[in-house]
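K.L.:
Sharing target28.txt below, compact mmCIF, C-alpha atoms and all ligand atoms:
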# COMPACT_ATOMS: atom_id res chain seq x y z
CA MET A 1 0.00 0.00 0.00
CA ALA A 2 1.24 3.48 -0.78
CA GLY A 3 2.84 5.21 2.23
CA GLY A 4 0.33 8.08 2.13
CA LEU A 5 -2.70 5.81 2.23
CA TRP A 6 -1.17 3.66 4.98
CA ASP A 7 -0.35 6.76 7.03
CA ARG A 8 -3.80 8.29 6.56
CA LEU A 9 -5.97 5.20 7.01
CA VAL A 10 -4.09 2.58 8.98
CA VAL A 11 -1.69 4.46 11.26
CA PRO A 12 -4.44 6.48 13.04
CA ARG A 13 -6.25 3.20 13.84
CA LEU A 14 -3.05 1.57 15.10
CA ILE A 15 -2.32 4.61 17.26
CA ARG A 16 -5.83 4.70 18.76
CA CYS A 17 -5.54 1.02 19.62
CA ALA A 18 -1.95 0.95 20.97
CA CYS A 19 -2.21 4.22 22.89
CA GLY A 20 -5.40 3.20 24.68
CA GLN A 21 -4.28 -0.09 26.20
CA PRO A 22 -5.01 -0.37 29.94
CA GLU A 23 -1.37 -0.20 31.16
CA ILE A 24 -0.85 2.99 29.18
CA MET A 25 -4.12 4.49 30.39
CA GLU A 26 -2.96 3.83 33.96
CA LEU A 27 0.23 5.82 33.33
CA ARG A 28 -1.75 8.63 31.71
CA ARG A 29 -3.87 8.83 34.88
CA GLN A 30 -0.69 9.41 36.90
CA VAL A 31 0.56 12.25 34.70
CA VAL A 32 -2.21 14.16 32.92
CA PRO A 33 -4.26 15.24 36.00
CA LEU A 34 -1.18 17.12 37.28
CA ALA A 35 -1.71 19.82 34.63
CA ARG A 36 -2.59 23.25 35.98
CA GLY A 37 -3.63 26.62 34.58
CA ALA A 38 -3.27 27.33 30.86
CA VAL A 39 -2.40 23.93 29.37
CA PHE A 40 -0.82 23.09 26.03
CA GLU A 41 -0.69 19.52 24.69
CA LEU A 42 1.80 18.53 22.01
CA GLY A 43 0.53 15.91 19.54
CA CYS A 44 -2.97 16.16 20.98
CA GLY A 45 -4.39 14.10 18.10
CA GLY A 46 -6.74 11.32 19.17
CA GLY A 47 -7.87 13.39 22.14
CA ILE A 48 -7.33 10.46 24.48
CA ASN A 49 -5.95 12.61 27.33
CA GLN A 50 -8.71 15.20 27.38
CA PRO A 51 -11.08 13.35 29.74
CA LEU A 52 -8.20 12.90 32.21
CA TYR A 53 -7.46 16.59 32.88
CA ASP A 54 -8.62 17.99 36.21
CA GLY A 55 -11.33 20.43 35.22
CA ALA A 56 -10.99 22.31 38.52
CA ALA A 57 -7.29 22.98 37.85
CA VAL A 58 -7.17 23.68 34.11
CA THR A 59 -8.18 27.19 33.05
CA SER A 60 -7.70 26.74 29.30
CA PHE A 61 -6.68 23.99 26.92
CA ALA A 62 -4.79 24.21 23.63
CA GLY A 63 -3.04 21.66 21.46
CA ILE A 64 -1.47 20.96 18.10
CA ASP A 65 -1.13 17.92 15.88
CA PRO A 66 -0.25 17.60 12.18
CA SER A 67 -2.67 14.72 11.50
CA PRO A 68 -6.10 15.86 10.27
CA GLN A 69 -7.53 12.40 11.02
CA LEU A 70 -6.33 12.36 14.63
CA MET A 71 -7.18 16.04 15.07
CA ALA A 72 -10.80 15.27 14.17
CA ASP A 73 -10.86 12.89 17.15
CA ALA A 74 -9.32 15.61 19.35
CA ARG A 75 -12.09 18.02 18.30
CA ASN A 76 -14.71 15.39 19.12
CA ALA A 77 -13.07 14.85 22.51
CA ALA A 78 -13.19 18.60 23.19
CA GLN A 79 -16.86 18.65 22.29
CA ALA A 80 -17.55 15.68 24.55
CA ARG A 81 -15.62 17.36 27.34
CA GLY A 82 -17.56 20.55 26.73
CA TRP A 83 -14.60 22.91 26.88
CA PRO A 84 -13.52 25.55 24.37
CA ALA A 85 -10.23 24.02 23.26
CA THR A 86 -7.90 25.84 20.87
CA LEU A 87 -6.74 23.09 18.52
CA ARG A 88 -4.49 23.74 15.53
CA GLU A 89 -2.99 21.54 12.84
CA ALA A 90 0.72 22.22 13.23
CA VAL A 91 4.03 20.57 14.08
CA GLY A 92 5.92 20.79 17.33
CA GLU A 93 8.99 22.11 15.53
CA ALA A 94 7.12 25.41 14.94
CA ILE A 95 4.43 25.80 17.61
CA PRO A 96 2.01 28.61 16.66
CA PHE A 97 1.73 30.11 20.16
CA ASP A 98 3.49 32.98 21.90
CA ASP A 99 6.48 32.76 24.21
CA ALA A 100 5.72 32.01 27.87
CA SER A 101 2.00 31.61 27.21
CA PHE A 102 1.33 28.36 29.13
CA ASP A 103 1.55 27.21 32.74
CA THR A 104 1.80 23.52 31.80
CA VAL A 105 2.91 21.77 28.62
CA VAL A 106 2.13 18.10 28.17
CA THR A 107 3.66 15.53 25.86
CA THR A 108 2.48 11.92 25.81
CA TYR A 109 3.74 9.44 23.22
CA THR A 110 4.69 12.17 20.77
CA LEU A 111 8.44 12.84 21.10
CA CYS A 112 8.96 9.38 19.54
CA SER A 113 7.27 10.57 16.33
CA VAL A 114 8.40 14.16 15.77
CA ALA A 115 11.04 14.90 13.14
CA ASP A 116 13.36 16.87 15.43
CA PRO A 117 12.89 16.20 19.17
CA ALA A 118 15.52 18.74 20.29
CA ARG A 119 13.80 21.47 18.27
CA VAL A 120 10.38 20.44 19.64
CA LEU A 121 11.61 20.49 23.24
CA ALA A 122 13.11 23.94 22.63
CA GLU A 123 9.69 25.05 21.36
CA LEU A 124 7.97 23.58 24.43
CA ARG A 125 10.41 25.48 26.62
CA ARG A 126 9.76 28.68 24.68
CA ILE A 127 5.96 28.57 25.12
CA LEU A 128 6.18 27.60 28.81
CA ARG A 129 6.25 30.45 31.33
CA PRO A 130 9.28 30.57 33.65
CA GLY A 131 8.45 28.33 36.61
CA GLY A 132 5.90 26.40 34.53
CA GLN A 133 5.92 22.64 34.25
CA LEU A 134 6.45 20.11 31.50
CA LEU A 135 4.61 16.81 32.05
CA PHE A 136 5.98 13.95 29.98
CA LEU A 137 5.02 10.33 29.38
CA GLU A 138 6.82 8.65 26.51
CA HIS A 139 8.22 5.33 25.41
CA GLY A 140 11.87 5.28 24.45
CA ARG A 141 15.37 3.90 24.68
CA ALA A 142 15.50 1.04 27.18
CA PRO A 143 18.10 1.11 29.96
CA ASP A 144 19.11 -2.54 29.35
CA ALA A 145 21.79 -3.07 26.72
CA ASP A 146 20.22 -6.21 25.24
CA VAL A 147 16.82 -4.53 24.82
CA ALA A 148 18.43 -1.38 23.40
CA LYS A 149 20.29 -3.54 20.87
CA TRP A 150 16.98 -4.99 19.64
CA GLN A 151 15.44 -1.52 19.55
CA ARG A 152 18.22 -0.39 17.19
CA ARG A 153 17.68 -3.44 14.99
CA ILE A 154 13.88 -3.20 14.83
CA GLU A 155 13.56 0.58 14.50
CA PRO A 156 14.24 0.80 10.73
CA LEU A 157 11.35 -1.63 10.07
CA TRP A 158 9.05 -0.22 12.75
CA LYS A 159 9.38 3.47 11.91
CA PRO A 160 7.82 3.51 8.42
CA LEU A 161 4.95 1.27 9.55
CA LEU A 162 4.05 3.38 12.59
CA GLY A 163 3.98 6.97 11.44
CA GLY A 164 7.68 7.66 12.03
CA CYS A 165 7.71 6.31 15.60
CA HIS A 166 11.27 5.82 16.93
CA LEU A 167 12.21 3.20 19.51
CA THR A 168 15.66 4.45 20.46
CA ARG A 169 15.11 8.01 21.60
CA PRO A 170 16.10 8.98 25.14
CA VAL A 171 13.25 10.61 27.08
CA ALA A 172 14.22 12.20 30.43
CA ASP A 173 17.80 12.73 29.24
CA ALA A 174 16.48 14.64 26.21
CA VAL A 175 14.25 16.73 28.47
CA ARG A 176 17.31 17.63 30.59
CA ALA A 177 19.41 18.35 27.51
CA ALA A 178 16.75 20.85 26.40
CA GLY A 179 17.33 22.91 29.55
CA PHE A 180 14.52 21.65 31.79
CA ALA A 181 15.10 20.65 35.40
CA VAL A 182 13.58 17.19 35.88
CA GLU A 183 11.92 17.22 39.30
CA ARG A 184 10.26 13.81 39.20
CA GLN A 185 11.09 10.88 36.98
CA ASP A 186 9.95 7.29 36.78
CA GLY A 187 10.31 4.48 34.29
CA ARG A 188 9.46 0.84 33.77
CA TYR A 189 8.57 -1.80 31.23
CA ILE A 190 4.83 -2.23 30.93
CA PRO A 191 3.42 -5.76 30.99
CA GLY A 192 1.88 -7.23 27.86
CA THR A 193 4.12 -5.29 25.46
CA PRO A 194 7.40 -6.55 23.99
CA ARG A 195 10.25 -4.93 25.91
CA PHE A 196 11.64 -3.20 22.82
CA ALA A 197 8.41 -1.12 22.68
CA GLY A 198 7.48 -1.32 26.34
CA TRP A 199 10.00 0.92 28.13
CA MET A 200 8.06 3.94 29.48
CA GLU A 201 9.43 7.07 31.11
CA TRP A 202 7.32 9.75 32.74
CA GLY A 203 7.79 12.71 34.98
CA VAL A 204 7.60 16.39 35.75
CA ALA A 205 10.16 18.98 34.70
CA SER A 206 10.27 22.70 35.23
CA ARG A 207 11.46 25.56 33.17
CA ALA A 208 14.06 27.53 35.05
CA ALA A 209 13.74 31.29 34.46
C1 LIG A 301 1.61 7.79 18.94
S1 LIG A 301 0.64 9.19 18.58
C2 LIG A 301 0.23 9.79 20.20
C3 LIG A 301 -0.96 10.66 20.23
C4 LIG A 301 -1.27 11.28 21.60
N1 LIG A 301 -0.24 12.24 21.98
C5 LIG A 301 -1.42 10.23 22.68
O1 LIG A 301 -0.83 10.37 23.75
O2 LIG A 301 -2.17 9.26 22.45
C6 LIG A 301 1.86 10.36 18.00
C7 LIG A 301 1.25 11.69 17.68
O3 LIG A 301 2.29 12.59 17.31
C8 LIG A 301 1.81 13.38 16.25
N2 LIG A 301 2.97 13.97 15.56
C9 LIG A 301 3.75 13.43 14.60
N3 LIG A 301 4.69 14.29 14.22
C10 LIG A 301 4.51 15.42 14.96
C11 LIG A 301 5.18 16.67 15.02
N4 LIG A 301 6.24 16.94 14.26
N5 LIG A 301 4.70 17.59 15.89
C12 LIG A 301 3.65 17.32 16.69
N6 LIG A 301 2.98 16.15 16.68
C13 LIG A 301 3.41 15.20 15.83
C14 LIG A 301 1.00 12.39 15.43
O4 LIG A 301 0.14 13.01 14.49
C15 LIG A 301 0.27 11.65 16.51
O5 LIG A 301 -0.91 12.28 16.90
Show the structure stored in the file as structure tokens.
Ligand SMILES: C[S@@+](CC[C@H](N)C(=O)[O-])C[C@H]1O[C@@H](n2cnc3c(N)ncnc32)[C@H](O)[C@@H]1O
P.N.:
Amino acid sequence: MAGGLWDRLVVPRLIRCACGQPEIMELRRQVVPLARGAVFELGCGGGINQPLYDGAAVTSFAGIDPSPQLMADARNAAQARGWPATLREAVGEAIPFDDASFDTVVTTYTLCSVADPARVLAELRRILRPGGQLLFLEHGRAPDADVAKWQRRIEPLWKPLLGGCHLTRPVADAVRAAGFAVERQDGRYIPGTPRFAGWMEWGVASRAA
């Protein structure tokens, strides 16, 4: 099947299925409700996180995603939630929002798929107000050498089938390298998923002034 058709028709279905499995939903419930104030979500397509935000703590919600198919789901989720979300089709490498305009920025299972994670993290830092928080939950490079070896081997086959998803990207280390201070960090393999795709890292980082 042509790459475009695969990416438009099949990948969104795969993403909805993989990203909604119970172990992943449990991790989302640990991270997403921590968001406070004006919230921005990177790669908000699918809208799967929207029901998990604490409505008493979030004052506004905005997000971007380049996929029209997944963005349609995000719009439906906003409607179901009944909040006036600002949702734009855009990439994280050029986020169409002003500097220091959010109290919390959220990324879940998106840094694996962006073209330039360092650029995206720099953009997240730019739109976050000083003292604001980055919440992250991502899969990535496993800490065990044998698993990491298989991640390197499988990634070239995996990436074109799954919308550009990488297996070998560092998560918390990349957040630190982008100039955030990681305040809380956790990680583990989730059950029921092969270890090469099952290493999860999540946490809270702040933007120093
Ligand atoms: C695996 S899905 C995760 C979706 C959602 N964040 C979640 O937690 O379920 C990866 C998402 O990243 C989006 N994406 C891909 N490239 C991107 C980029 N350069 N900037 C922002 N989002 C991107 C995809 O369209 C897709 O919605």
K.L.:
Could you check which of A:Arg207, A:Lys149, A:Arg16, A:Arg188 is closest to ligand LIG 301 (chain A), using all atoms listed in the file?
P.N.:
A:Arg16
K.L.:
Could you list, as a PyMOL selection string, every residue within 8 Å of segment 132-148 of chain A, counting all atoms listed in the file and ignoring same-chain residues fewer than 3 positions away?
P.N.:
chain A and resi 27-28+31-32+34-35+102-112+128-129+151-152+166-171+195-207
K.L.:
Residues at most 10 Å from Cys19 of chain A, counting all atoms listed in the file, excluding those fewer than 2 positions away in the same chain, as a list of chain:residue names?
P.N.:
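Here the qualifying residues turn out to be A:Arg13, A:Leu14, A:Ile15, A:Arg16, A:Cys17, A:Gln21, A:Pro22, A:Glu23, A:Ile24, A:Met25, A:Arg28, A:Gly46, A:Ile48, A:Thr108, A:Tyr109.
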K.L.:
Give me, as JSON lines, each residue of chain A that comes within 8 Å of ligand LIG 301 (chain A), together with its shortest interatomic pair and the distance in Å at one decimal, counting all atoms listed in the file, with rows ordered by chain and rising residue number.
P.N.:
{"residue": "A:Pro12", "atom": "CA", "partner": "A:LIG301", "partner_atom": "C15", "distance": 7.8}
{"residue": "A:Ile15", "atom": "CA", "partner": "A:LIG301", "partner_atom": "C1", "distance": 5.3}
{"residue": "A:Arg16", "atom": "CA", "partner": "A:LIG301", "partner_atom": "O2", "distance": 6.9}
{"residue": "A:Ala18", "atom": "CA", "partner": "A:LIG301", "partner_atom": "C1", "distance": 8.0}
{"residue": "A:Cys19", "atom": "CA", "partner": "A:LIG301", "partner_atom": "O2", "distance": 5.1}
{"residue": "A:Gly20", "atom": "CA", "partner": "A:LIG301", "partner_atom": "O2", "distance": 7.2}
{"residue": "A:Glu41", "atom": "CA", "partner": "A:LIG301", "partner_atom": "N1", "distance": 7.8}
{"residue": "A:Leu42", "atom": "CA", "partner": "A:LIG301", "partner_atom": "C12", "distance": 5.8}
{"residue": "A:Gly43", "atom": "CA", "partner": "A:LIG301", "partner_atom": "N6", "distance": 3.8}
{"residue": "A:Cys44", "atom": "CA", "partner": "A:LIG301", "partner_atom": "N1", "distance": 4.9}
{"residue": "A:Gly45", "atom": "CA", "partner": "A:LIG301", "partner_atom": "O5", "distance": 4.1}
{"residue": "A:Gly46", "atom": "CA", "partner": "A:LIG301", "partner_atom": "C3", "distance": 5.9}
{"residue": "A:Gly47", "atom": "CA", "partner": "A:LIG301", "partner_atom": "C4", "distance": 7.0}
{"residue": "A:Ile48", "atom": "CA", "partner": "A:LIG301", "partner_atom": "O2", "distance": 5.7}
{"residue": "A:Asn49", "atom": "CA", "partner": "A:LIG301", "partner_atom": "O1", "distance": 6.6}
{"residue": "A:Ile64", "atom": "CA", "partner": "A:LIG301", "partner_atom": "C12", "distance": 6.4}
{"residue": "A:Asp65", "atom": "CA", "partner": "A:LIG301", "partner_atom": "N6", "distance": 4.5}
{"residue": "A:Pro66", "atom": "CA", "partner": "A:LIG301", "partner_atom": "O4", "distance": 5.2}
{"residue": "A:Ser67", "atom": "CA", "partner": "A:LIG301", "partner_atom": "O4", "distance": 4.4}
{"residue": "A:Leu70", "atom": "CA", "partner": "A:LIG301", "partner_atom": "O5", "distance": 5.9}
{"residue": "A:Met71", "atom": "CA", "partner": "A:LIG301", "partner_atom": "O5", "distance": 7.5}
{"residue": "A:Ala90", "atom": "CA", "partner": "A:LIG301", "partner_atom": "N5", "distance": 6.7}
{"residue": "A:Val91", "atom": "CA", "partner": "A:LIG301", "partner_atom": "N5", "distance": 3.6}
{"residue": "A:Gly92", "atom": "CA", "partner": "A:LIG301", "partner_atom": "N5", "distance": 3.7}
{"residue": "A:Glu93", "atom": "CA", "partner": "A:LIG301", "partner_atom": "N4", "distance": 6.0}
{"residue": "A:Thr107", "atom": "CA", "partner": "A:LIG301", "partner_atom": "N1", "distance": 6.4}
{"residue": "A:Thr108", "atom": "CA", "partner": "A:LIG301", "partner_atom": "O1", "distance": 4.2}
{"residue": "A:Tyr109", "atom": "CA", "partner": "A:LIG301", "partner_atom": "C2", "distance": 4.6}
{"residue": "A:Thr110", "atom": "CA", "partner": "A:LIG301", "partner_atom": "O3", "distance": 4.2}
{"residue": "A:Leu111", "atom": "CA", "partner": "A:LIG301", "partner_atom": "O3", "distance": 7.2}
{"residue": "A:Cys112", "atom": "CA", "partner": "A:LIG301", "partner_atom": "C6", "distance": 7.3}
{"residue": "A:Ser113", "atom": "CA", "partner": "A:LIG301", "partner_atom": "C9", "distance": 4.9}
{"residue": "A:Val114", "atom": "CA", "partner": "A:LIG301", "partner_atom": "N4", "distance": 3.8}
{"residue": "A:Ala115", "atom": "CA", "partner": "A:LIG301", "partner_atom": "N4", "distance": 5.3}
{"residue": "A:Asp116", "atom": "CA", "partner": "A:LIG301", "partner_atom": "N4", "distance": 7.2}
{"residue": "A:Val120", "atom": "CA", "partner": "A:LIG301", "partner_atom": "N5", "distance": 7.4}
{"residue": "A:Gly163", "atom": "CA", "partner": "A:LIG301", "partner_atom": "C9", "distance": 7.2}
{"residue": "A:Gly164", "atom": "CA", "partner": "A:LIG301", "partner_atom": "C9", "distance": 7.4}
{"residue": "A:Cys165", "atom": "CA", "partner": "A:LIG301", "partner_atom": "C1", "distance": 7.1}
K.L.:
Taking all atoms listed in the file into account, which of A:Thr59, A:Ala178, A:Leu161, A:Arg119 comes nearest Ala85 of chain A?
P.N.:
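When distances to Ala85 of chain A are compared using all atoms listed in the file, the smallest one comes from A:Thr59.
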K.L.:
To one decimal place in Å, what is the distance between atom CA of Ala38 of chain A and atom CA of Gly131 of chain A?
P.N.:
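Interatomic distance here is 13.1 Å.
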K.L.:
Is it possible to add N, CA and C atoms to segment 35-66 of chain A and hand it back as an mmCIF file, keeping the file's coordinate frame?
P.N.:
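So the final result, stored in part_18.cif, reads:
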data_model
loop_
_atom_site.group_PDB
_atom_site.id
_atom_site.type_symbol
_atom_site.label_atom_id
_atom_site.label_comp_id
_atom_site.auth_asym_id
_atom_site.auth_seq_id
_atom_site.Cartn_x
_atom_site.Cartn_y
_atom_site.Cartn_z
ATOM 1 N N ALA A 35 -1.740 18.556 35.396
ATOM 2 C CA ALA A 35 -1.710 19.820 34.630
ATOM 3 C C ALA A 35 -2.523 20.891 35.341
ATOM 4 N N ARG A 36 -1.975 22.111 35.300
ATOM 5 C CA ARG A 36 -2.590 23.250 35.980
ATOM 6 C C ARG A 36 -2.619 24.474 35.067
ATOM 7 N N GLY A 37 -3.622 25.320 35.249
ATOM 8 C CA GLY A 37 -3.630 26.620 34.580
ATOM 9 C C GLY A 37 -3.882 26.521 33.081
ATOM 10 N N ALA A 38 -3.169 27.352 32.328
ATOM 11 C CA ALA A 38 -3.270 27.330 30.860
ATOM 12 C C ALA A 38 -2.417 26.155 30.368
ATOM 13 N N VAL A 39 -3.062 25.198 29.725
ATOM 14 C CA VAL A 39 -2.400 23.930 29.370
ATOM 15 C C VAL A 39 -2.259 23.819 27.864
ATOM 16 N N PHE A 40 -1.080 23.376 27.444
ATOM 17 C CA PHE A 40 -0.820 23.090 26.030
ATOM 18 C C PHE A 40 -0.444 21.620 25.909
ATOM 19 N N GLU A 41 -1.059 20.929 24.931
ATOM 20 C CA GLU A 41 -0.690 19.520 24.690
ATOM 21 C C GLU A 41 -0.101 19.357 23.303
ATOM 22 N N LEU A 42 1.113 18.851 23.272
ATOM 23 C CA LEU A 42 1.800 18.530 22.010
ATOM 24 C C LEU A 42 1.230 17.222 21.454
ATOM 25 N N GLY A 43 1.012 17.168 20.139
ATOM 26 C CA GLY A 43 0.530 15.910 19.540
ATOM 27 C C GLY A 43 -0.775 15.466 20.174
ATOM 28 N N CYS A 44 -1.708 16.407 20.258
ATOM 29 C CA CYS A 44 -2.970 16.160 20.980
ATOM 30 C C CYS A 44 -3.944 15.307 20.176
ATOM 31 N N GLY A 45 -3.518 14.889 18.969
ATOM 32 C CA GLY A 45 -4.390 14.100 18.100
ATOM 33 C C GLY A 45 -4.882 12.830 18.800
ATOM 34 N N GLY A 46 -6.126 12.464 18.498
ATOM 35 C CA GLY A 46 -6.740 11.320 19.170
ATOM 36 C C GLY A 46 -7.584 11.781 20.340
ATOM 37 N N GLY A 47 -7.088 12.799 21.054
ATOM 38 C CA GLY A 47 -7.870 13.390 22.140
ATOM 39 C C GLY A 47 -8.006 12.504 23.368
ATOM 40 N N ILE A 48 -7.156 11.486 23.436
ATOM 41 C CA ILE A 48 -7.330 10.460 24.480
ATOM 42 C C ILE A 48 -7.084 11.005 25.885
ATOM 43 N N ASN A 49 -6.245 12.060 25.987
ATOM 44 C CA ASN A 49 -5.950 12.610 27.330
ATOM 45 C C ASN A 49 -7.037 13.547 27.841
ATOM 46 N N GLN A 50 -7.816 14.100 26.952
ATOM 47 C CA GLN A 50 -8.710 15.200 27.380
ATOM 48 C C GLN A 50 -9.617 14.847 28.547
ATOM 49 N N PRO A 51 -10.207 13.641 28.583
ATOM 50 C CA PRO A 51 -11.080 13.350 29.740
ATOM 51 C C PRO A 51 -10.321 13.249 31.062
ATOM 52 N N LEU A 52 -8.975 13.153 30.993
ATOM 53 C CA LEU A 52 -8.200 12.900 32.210
ATOM 54 C C LEU A 52 -7.742 14.188 32.907
ATOM 55 N N TYR A 53 -7.875 15.336 32.236
ATOM 56 C CA TYR A 53 -7.460 16.590 32.880
ATOM 57 C C TYR A 53 -8.405 16.926 34.031
ATOM 58 N N ASP A 54 -7.836 17.557 35.054
ATOM 59 C CA ASP A 54 -8.620 17.990 36.210
ATOM 60 C C ASP A 54 -9.299 19.316 35.857
ATOM 61 N N GLY A 55 -10.586 19.248 35.654
ATOM 62 C CA GLY A 55 -11.330 20.430 35.220
ATOM 63 C C GLY A 55 -11.280 21.575 36.217
ATOM 64 N N ALA A 56 -11.049 21.259 37.499
ATOM 65 C CA ALA A 56 -10.990 22.310 38.520
ATOM 66 C C ALA A 56 -9.640 23.038 38.467
ATOM 67 N N ALA A 57 -8.635 22.402 37.852
ATOM 68 C CA ALA A 57 -7.290 22.980 37.850
ATOM 69 C C ALA A 57 -6.895 23.608 36.513
ATOM 70 N N VAL A 58 -7.536 23.192 35.449
ATOM 71 C CA VAL A 58 -7.170 23.680 34.110
ATOM 72 C C VAL A 58 -8.049 24.880 33.759
ATOM 73 N N THR A 59 -7.399 25.985 33.392
ATOM 74 C CA THR A 59 -8.180 27.190 33.050
ATOM 75 C C THR A 59 -8.387 27.332 31.549
ATOM 76 N N SER A 60 -7.492 26.756 30.746
ATOM 77 C CA SER A 60 -7.700 26.740 29.300
ATOM 78 C C SER A 60 -6.901 25.592 28.712
ATOM 79 N N PHE A 61 -7.337 25.146 27.538
ATOM 80 C CA PHE A 61 -6.680 23.990 26.920
ATOM 81 C C PHE A 61 -6.414 24.274 25.448
ATOM 82 N N ALA A 62 -5.166 24.036 25.033
ATOM 83 C CA ALA A 62 -4.790 24.210 23.630
ATOM 84 C C ALA A 62 -3.913 23.034 23.219
ATOM 85 N N GLY A 63 -3.897 22.756 21.919
ATOM 86 C CA GLY A 63 -3.040 21.660 21.460
ATOM 87 C C GLY A 63 -2.799 21.746 19.973
ATOM 88 N N ILE A 64 -1.769 21.046 19.542
ATOM 89 C CA ILE A 64 -1.470 20.960 18.100
ATOM 90 C C ILE A 64 -1.218 19.521 17.719
ATOM 91 N N ASP A 65 -1.470 19.225 16.456
ATOM 92 C CA ASP A 65 -1.130 17.920 15.880
ATOM 93 C C ASP A 65 -1.162 18.088 14.365
ATOM 94 N N PRO A 66 -0.236 17.445 13.651
ATOM 95 C CA PRO A 66 -0.250 17.600 12.180
ATOM 96 C C PRO A 66 -1.224 16.671 11.479
#
